[in-house]
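Student: If it helps, the file is called final30.csv and holds CSV, C-alpha atoms:
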```csv
chain,number,residue,atom,x,y,z
A,1,MET,CA,0.0,0.0,0.0
A,2,TYR,CA,2.5,2.6,-1.1
A,3,ASP,CA,0.3,4.2,-3.8
A,4,ILE,CA,-0.9,7.8,-3.6
A,5,VAL,CA,-4.4,8.1,-2.2
A,6,THR,CA,-6.5,11.0,-3.5
A,7,LEU,CA,-9.9,12.3,-2.5
A,8,ALA,CA,-11.3,10.9,-5.8
A,9,ASP,CA,-10.0,7.5,-4.9
A,10,ASP,CA,-11.7,7.3,-1.5
A,11,PRO,CA,-15.1,8.9,-0.8
A,12,ASP,CA,-14.7,8.3,2.9
A,13,LEU,CA,-11.5,10.3,2.9
A,14,ALA,CA,-13.2,13.1,0.9
A,15,HIS,CA,-16.0,13.1,3.5
A,16,LEU,CA,-13.6,13.4,6.4
A,17,ILE,CA,-11.9,16.3,4.7
A,18,ASP,CA,-15.3,18.0,4.3
A,19,LEU,CA,-16.0,17.5,8.0
A,20,ILE,CA,-12.6,19.0,8.9
A,21,ASP,CA,-13.4,21.9,6.6
A,22,ILE,CA,-16.3,23.1,8.7
A,23,LEU,CA,-14.0,23.4,11.7
A,24,PRO,CA,-12.0,26.5,12.2
A,25,GLY,CA,-9.0,27.0,9.9
A,26,PRO,CA,-5.5,26.1,11.1
A,27,GLN,CA,-4.7,29.7,12.1
A,28,VAL,CA,-7.3,29.6,14.9
A,29,SER,CA,-4.9,28.6,17.7
A,30,ARG,CA,-7.6,28.8,20.4
A,31,PHE,CA,-9.2,25.8,18.8
A,32,TRP,CA,-6.2,23.8,17.4
A,33,GLY,CA,-3.4,24.9,19.8
A,34,LYS,CA,-0.1,26.6,19.1
A,35,GLY,CA,3.3,25.4,18.0
A,36,ASP,CA,4.8,22.4,16.2
A,37,ASP,CA,3.3,20.0,18.8
A,38,SER,CA,-0.3,21.3,18.5
A,39,ILE,CA,-3.2,19.3,17.3
A,40,GLY,CA,-3.5,21.5,14.3
A,41,SER,CA,0.1,20.9,13.4
A,42,LYS,CA,-0.3,17.1,13.7
A,43,ILE,CA,-3.5,17.0,11.6
A,44,GLY,CA,-2.3,19.6,9.2
A,45,TYR,CA,0.9,17.8,8.2
A,46,ARG,CA,-1.0,14.8,7.0
A,47,LEU,CA,-3.9,16.8,5.6
A,48,ARG,CA,-1.5,18.9,3.5
A,49,GLU,CA,0.2,15.8,2.1
A,50,ILE,CA,-3.2,14.4,1.0
A,51,LEU,CA,-4.5,17.7,-0.4
A,52,CYS,CA,-1.2,18.3,-2.4
A,53,GLY,CA,-1.5,14.9,-4.0
A,54,ARG,CA,1.3,13.3,-2.1
A,55,GLY,CA,-0.8,11.4,0.5
A,56,ARG,CA,-0.1,7.8,0.9
A,57,ALA,CA,-2.1,5.2,2.9
A,58,ALA,CA,0.0,5.9,6.0
A,59,ASP,CA,-1.0,9.6,5.8
A,60,VAL,CA,-4.7,8.7,5.5
A,61,ASP,CA,-4.3,6.3,8.4
A,62,TYR,CA,-2.5,8.9,10.6
A,63,LEU,CA,-5.0,11.6,9.8
A,64,ALA,CA,-7.9,9.3,10.7
A,65,VAL,CA,-6.1,8.2,14.0
A,66,TYR,CA,-5.5,11.9,14.9
A,67,VAL,CA,-9.2,12.6,14.3
A,68,LEU,CA,-10.2,9.7,16.6
A,69,LYS,CA,-7.6,10.7,19.2
A,70,TYR,CA,-8.1,14.5,19.2
A,71,LEU,CA,-11.6,15.1,17.9
A,72,GLY,CA,-13.4,11.7,18.4
A,73,HIS,CA,-15.7,10.5,21.2
A,74,GLY,CA,-14.3,10.8,24.7
A,75,ASN,CA,-11.1,12.6,23.8
A,76,SER,CA,-9.6,15.0,26.3
A,77,HIS,CA,-8.1,17.4,23.7
A,78,ILE,CA,-10.9,19.1,21.8
A,79,SER,CA,-14.3,18.5,23.5
A,80,GLU,CA,-17.6,18.1,21.7
A,81,ASP,CA,-18.6,21.4,23.3
A,82,GLN,CA,-15.6,23.1,21.7
A,83,ILE,CA,-16.5,21.6,18.4
A,84,THR,CA,-20.1,22.7,18.7
A,85,ARG,CA,-19.0,26.3,19.4
A,86,HIS,CA,-16.6,26.4,16.5
A,87,LEU,CA,-18.5,24.7,13.7
A,88,THR,CA,-18.6,27.0,10.7
A,89,GLY,CA,-22.1,28.1,9.7
A,90,VAL,CA,-23.9,26.1,12.3
A,91,GLY,CA,-24.5,28.7,15.0
A,92,SER,CA,-23.7,26.6,18.1
A,93,LEU,CA,-26.4,24.0,17.8
A,94,PRO,CA,-25.6,21.2,20.3
A,95,ALA,CA,-27.0,18.5,18.0
A,96,ALA,CA,-24.7,19.7,15.2
A,97,GLY,CA,-21.6,19.3,17.3
A,98,HIS,CA,-22.8,15.9,18.5
A,99,ALA,CA,-23.5,14.8,14.9
A,100,TRP,CA,-20.1,16.1,13.8
A,101,VAL,CA,-18.3,14.0,16.4
A,102,GLU,CA,-20.4,10.9,15.5
A,103,ASP,CA,-19.8,11.3,11.8
A,104,ALA,CA,-16.1,12.1,12.1
A,105,THR,CA,-15.6,9.2,14.5
A,106,ARG,CA,-17.4,6.7,12.3
A,107,THR,CA,-15.6,7.9,9.1
A,108,ALA,CA,-12.2,8.0,10.7
A,109,TRP,CA,-12.7,4.5,12.1
A,110,THR,CA,-13.7,3.3,8.6
A,111,LEU,CA,-10.4,4.8,7.2
A,112,VAL,CA,-8.3,3.4,10.0
A,113,THR,CA,-9.6,-0.1,9.5
A,114,ARG,CA,-9.3,0.2,5.7
A,115,TYR,CA,-5.7,1.3,5.8
A,116,SER,CA,-4.4,-0.4,8.9
A,117,VAL,CA,-6.0,-3.9,9.1
A,118,PRO,CA,-3.5,-5.4,6.6
A,119,SER,CA,-0.5,-4.4,8.8
A,120,TRP,CA,-2.4,-5.3,12.0
A,121,ARG,CA,-3.1,-8.7,10.6
A,122,GLY,CA,0.6,-9.3,10.0
A,123,ALA,CA,1.5,-12.8,9.0
A,124,ARG,CA,-2.1,-13.9,8.9
A,125,SER,CA,-2.7,-12.7,5.4
A,126,THR,CA,-6.1,-14.3,5.0
A,127,PRO,CA,-8.9,-12.5,6.7
A,128,GLY,CA,-10.2,-14.6,9.6
A,129,SER,CA,-7.4,-17.2,9.3
A,130,ALA,CA,-6.9,-17.4,13.0
A,131,TRP,CA,-10.4,-18.8,13.4
A,132,ILE,CA,-9.9,-21.6,10.9
A,133,THR,CA,-8.9,-24.9,12.5
A,134,GLU,CA,-7.3,-27.7,10.6
```
I need this file expressed as structure tokens, please.
Tutor:
Amino acid sequence: MYDIVTLADDPDLAHLIDLIDILPGPQVSRFWGKGDDSIGSKIGYRLREILCGRGRAADVDYLAVYVLKYLGHGNSHISEDQITRHLTGVGSLPAAGHAWVEDATRTAWTLVTRYSVPSWRGARSTPGSAWITE
């Protein structure tokens, strides 16, 4: 899986980018944090690679993991309330923030399993092979 992955190749990736697009831009440090170790910096690096046509499966996987870790359910970094307050064009509707987190979490998990399962599986190259007895 060393091929370039584009938004046209993967509609789930395109959808996740659309979801990220309705969050504040990277310059809004009160949302993303400041510096090279900020959440915005971590997400932004992978996002730029993908948007510039250089994104590989690992970039998609890392972006999705970062969404789960920093924006997904139960994270301690950017809360659902913060997401609700900062959604572009939504006007602080609590249901919109909740729906954003639900959708982003589900989409990110879909991408993580799509791009990570082959490496997680390791030597067991056949899906479900650990459950087959001889």
Student: Find the residues around Arg106 (chain A) up to 10 Å (only C-alpha atoms counted), leave out those fewer than 3 positions away in its own chain, and share them as a ChimeraX atom specification.
Tutor: /A:12,16,64,68,72-73,100-103,109-112
Student: So which one's closest to Ala95 (chain A), A:Ile83, A:Ile43, A:Ala8, A:Ala14? Using all atoms listed in the file, please.
Tutor: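 Of A:Ile83, A:Ile43, A:Ala8, A:Ala14, the one nearest Ala95 (chain A), counting all atoms listed in the file, is A:Ile83.
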Student: Do you have, as a Markdown table, the list of residues of region 59-100 of chain A lying at most 8 Å from region 27-37 of chain A, each with its nearest atom pair and that distance in Å to one decimal, counting all atoms listed in the file and ordered by chain then number?
Tutor:
```
| residue | atom | partner | partner_atom | distance |
| --- | --- | --- | --- | --- |
| A:Ile78 | CA | A:Phe31 | CA | 7.5 |
| A:Gln82 | CA | A:Phe31 | CA | 7.5 |
| A:His86 | CA | A:Phe31 | CA | 7.8 |
```
Student: Could you work out how far CA of Gly97 (chain A) lies from CA of Ile39 (chain A), giving the answer in Å with one decimal?
Tutor: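 Taking CA of Ile39 (chain A) and CA of Gly97 (chain A), their separation equals 18.4 Å.
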Student: Let me make sure I understand: among A:Ile4, A:Pro94, A:Leu47, A:Val117, which one has the smallest atom-to-atom distance to Asp18 (chain A) if we use only C-alpha atoms?
Tutor: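 Distance minimum relative to Asp18 (chain A) lands on A:Leu47.
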Student: So, counting all atoms listed in the file, which residue among A:Ala99, A:Ala104, A:Asn75, A:Arg114 is closest to Asp21 (chain A)?
Tutor: A:Ala104
Student: Measuring between only C-alpha atoms, which one of A:Thr88, A:Thr6, A:Thr126, A:Thr113 shows the shortest distance to Arg54 (chain A)?
Tutor: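 Ranked by minimum distance to Arg54 (chain A), first place goes to A:Thr6.
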Student: Nearest residue to Gly55 (chain A) out of A:Asp3, A:Thr107, A:Pro11, A:Ser129, using only C-alpha atoms?
Tutor: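 Checking each candidate against Gly55 (chain A), we get A:Asp3 as the closest.
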Student: Could you jot down the CA of Val60 (chain A) to CA of Leu23 (chain A) separation for me, Å, one decimal place?
Tutor: 18.5 Å
